[in-house]
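Q: Mind having a look at this structure? Questions to follow.
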Amino acid sequence: MIFREAQILDIEQMHAVRMSVKENILPDAAMISAKQYQEYIIDFGKGWLCEIDKYVVGFAIVDLKNNNVWALFVRPDYEKKSIGKKLQDIMLNWYFSKTKQTIWLGTSPNTRAEIFYRTYGWRETGKRPNGEIRFELTHENWEKLQ
């Protein structure tokens with residue numbers, strides 16, 4: 001199991017991970033373009049992935065411009081192996097090394113993702129217009145979790 005920074009050449013496999021999930025489903029694969037992945041991992045922030053034998057099993061992308069977790073997904077067959085937790089740790093350690101701004105994300109209610117974020121110190125701050133729960137994590141709370 002290797003964790004490393006995401007590259008442009010990884011976009012196709014990252015999108016395959018995104019489309020494989022059973023919760024927080026993207027209704028149409030075309031809703032997110034390769035260009036958007038590229039912008040987020042090159043221009044807006046950074047991304048990381050986990051691969052096993054060159055097969056991407058999970059990835060995370062953070063957006064420094066909007067102080068947002070743009071993506072954190074793990075293939076269903078690789079859940080419950082601490083991959084999401086490790087990707088989150090790498091991502092947030094990098095993020096908070098660049099800024100102390102509170103970070104936010106949205107996730108669907110009544111999902112394993114909701115439980116995951118609550119478990120790891122994220123605080124619910126409301127609902128997004130699309131019905132997702134809005135979670136936030138302050139630098140101070142992240143430091144306490146380390």
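Residues in the structure tokens are numbered from 1 in each chain, the chains being A, B, ... in the order shown, and ligands are numbered from 1 in the order shown.
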Near A:Val21, counting only C-alpha atoms, which residues have an atom at most 10 Å away, once you skip same-chain residues fewer than 6 positions from it, shown as a list in words?
A: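 Everything that qualifies: Phe73, Val74, Arg75, Pro76 and Asp77 of chain A.
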Q: Would you write out those residues with N, CA and C atoms, as a JSON list (two decimals), in the first residue's frame?
A:
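Now in part.json:
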[["chain", "number", "residue", "atom", "x", "y", "z"],
["A", 73, "PHE", "N", -12.44, 9.77, -1.25],
["A", 73, "PHE", "CA", -13.18, 8.57, -1.62],
["A", 73, "PHE", "C", -12.28, 7.35, -1.61],
["A", 74, "VAL", "N", -12.87, 6.22, -1.24],
["A", 74, "VAL", "CA", -12.17, 4.93, -1.22],
["A", 74, "VAL", "C", -13.07, 3.91, -1.92],
["A", 75, "ARG", "N", -12.46, 3.08, -2.74],
["A", 75, "ARG", "CA", -13.24, 2.02, -3.41],
["A", 75, "ARG", "C", -13.92, 1.15, -2.35],
["A", 76, "PRO", "N", -15.17, 0.75, -2.58],
["A", 76, "PRO", "CA", -15.90, -0.04, -1.58],
["A", 76, "PRO", "C", -15.15, -1.31, -1.12],
["A", 77, "ASP", "N", -14.46, -1.98, -2.00],
["A", 77, "ASP", "CA", -13.75, -3.20, -1.61],
["A", 77, "ASP", "C", -12.55, -2.94, -0.70]]
Q: Near A:Ala71, counting only C-alpha atoms, which residues have an atom at most 9 Å away, once you skip same-chain residues fewer than 5 positions from it, shown as a PDB file with all heavy atoms, in the first residue's frame?
A:
ATOM      1  N   ARG A  18     -14.016   7.448  -7.818  1.00  0.00           N
ATOM      2  CA  ARG A  18     -15.182   8.303  -7.526  1.00  0.00           C
ATOM      3  C   ARG A  18     -16.478   7.658  -7.997  1.00  0.00           C
ATOM      4  O   ARG A  18     -17.499   7.709  -7.327  1.00  0.00           O
ATOM      5  CB  ARG A  18     -14.981   9.679  -8.192  1.00  0.00           C
ATOM      6  CG  ARG A  18     -16.150  10.637  -8.014  1.00  0.00           C
ATOM      7  CD  ARG A  18     -16.301  11.024  -6.554  1.00  0.00           C
ATOM      8  NE  ARG A  18     -17.443  11.867  -6.310  1.00  0.00           N
ATOM      9  CZ  ARG A  18     -18.650  11.441  -5.921  1.00  0.00           C
ATOM     10  NH1 ARG A  18     -18.884  10.145  -5.762  1.00  0.00           N
ATOM     11  NH2 ARG A  18     -19.626  12.280  -5.664  1.00  0.00           N
ATOM     12  N   GLY A  47      -3.652  16.930  -4.232  1.00  0.00           N
ATOM     13  CA  GLY A  47      -4.322  15.651  -4.035  1.00  0.00           C
ATOM     14  C   GLY A  47      -3.330  14.561  -3.698  1.00  0.00           C
ATOM     15  O   GLY A  47      -2.131  14.661  -4.001  1.00  0.00           O
ATOM     16  N   PHE A  59      -8.511   8.243  -2.875  1.00  0.00           N
ATOM     17  CA  PHE A  59      -7.830   9.514  -3.108  1.00  0.00           C
ATOM     18  C   PHE A  59      -8.502  10.624  -2.309  1.00  0.00           C
ATOM     19  O   PHE A  59      -9.652  10.494  -1.874  1.00  0.00           O
ATOM     20  CB  PHE A  59      -7.797   9.869  -4.602  1.00  0.00           C
ATOM     21  CG  PHE A  59      -9.112  10.323  -5.180  1.00  0.00           C
ATOM     22  CD1 PHE A  59      -9.392  11.672  -5.332  1.00  0.00           C
ATOM     23  CD2 PHE A  59     -10.072   9.402  -5.567  1.00  0.00           C
ATOM     24  CE1 PHE A  59     -10.604  12.095  -5.870  1.00  0.00           C
ATOM     25  CE2 PHE A  59     -11.286   9.814  -6.110  1.00  0.00           C
ATOM     26  CZ  PHE A  59     -11.550  11.169  -6.261  1.00  0.00           C
ATOM     27  N   ALA A  60      -7.755  11.695  -2.114  1.00  0.00           N
ATOM     28  CA  ALA A  60      -8.257  12.881  -1.421  1.00  0.00           C
ATOM     29  C   ALA A  60      -7.710  14.110  -2.124  1.00  0.00           C
ATOM     30  O   ALA A  60      -6.563  14.108  -2.580  1.00  0.00           O
ATOM     31  CB  ALA A  60      -7.808  12.874   0.036  1.00  0.00           C
ATOM     32  N   ILE A  61      -8.542  15.149  -2.214  1.00  0.00           N
ATOM     33  CA  ILE A  61      -8.135  16.410  -2.828  1.00  0.00           C
ATOM     34  C   ILE A  61      -8.641  17.551  -1.951  1.00  0.00           C
ATOM     35  O   ILE A  61      -9.813  17.567  -1.563  1.00  0.00           O
ATOM     36  CB  ILE A  61      -8.692  16.558  -4.256  1.00  0.00           C
ATOM     37  CG1 ILE A  61      -8.158  15.443  -5.156  1.00  0.00           C
ATOM     38  CG2 ILE A  61      -8.348  17.945  -4.823  1.00  0.00           C
ATOM     39  CD1 ILE A  61      -8.759  15.418  -6.554  1.00  0.00           C
ATOM     40  N   VAL A  62      -7.763  18.494  -1.662  1.00  0.00           N
ATOM     41  CA  VAL A  62      -8.127  19.659  -0.864  1.00  0.00           C
ATOM     42  C   VAL A  62      -7.968  20.929  -1.713  1.00  0.00           C
ATOM     43  O   VAL A  62      -7.053  21.028  -2.533  1.00  0.00           O
ATOM     44  CB  VAL A  62      -7.286  19.737   0.430  1.00  0.00           C
ATOM     45  CG1 VAL A  62      -5.816  19.990   0.141  1.00  0.00           C
ATOM     46  CG2 VAL A  62      -7.837  20.766   1.389  1.00  0.00           C
ATOM     47  N   LEU A 105     -16.421  20.810   4.438  1.00  0.00           N
ATOM     48  CA  LEU A 105     -16.791  19.827   3.423  1.00  0.00           C
ATOM     49  C   LEU A 105     -18.273  19.558   3.536  1.00  0.00           C
ATOM     50  O   LEU A 105     -18.904  19.890   4.536  1.00  0.00           O
ATOM     51  CB  LEU A 105     -15.993  18.523   3.574  1.00  0.00           C
ATOM     52  CG  LEU A 105     -16.144  17.737   4.884  1.00  0.00           C
ATOM     53  CD1 LEU A 105     -17.386  16.853   4.889  1.00  0.00           C
ATOM     54  CD2 LEU A 105     -14.927  16.882   5.117  1.00  0.00           C
TER      55      LEU A 105
END
Q: Compile the contact shell of A:Lys100 as a list in words: residues with an atom at most 10 Å away, counting only C-alpha atoms, same-chain residues fewer than 2 positions apart removed.
A: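 Selected residues are Asn67, Tyr95, Phe96, Ser97, Lys98, Thr102, Ile103, Thr138, His139 and Glu140 of chain A.
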Q: Neighbouring residues of A:Arg123 were defined as those with any atom within 7 Å, considering only C-alpha atoms; residues of the same chain fewer than 5 positions away were excluded. Please report them as JSON, numbers by chain.
A: {"A": [118, 135, 136, 137]}
Q: List the spatial neighbours of A:Tyr78 as a list in words - criterion: any atom at most 12 Å away, only C-alpha atoms, same-chain residues fewer than 3 positions off excluded.
A: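 In the requested form, the answer reads Met1, Val17, Ser20, Val21, Cys50, Glu51, Ile52, Tyr55, Val56, Val57, Gly58, Phe59, Phe73, Val74, Arg75, Lys81, Ser82, Ile83 and Gly84 of chain A.
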Q: Just the strand (DSSP E or B) stuff from chain A, please, per backbone DSSP, written as a PyMOL selection string.
A: chain A and resi 2-5+45-52+55-63+68-74+103-107+123-127+133-137
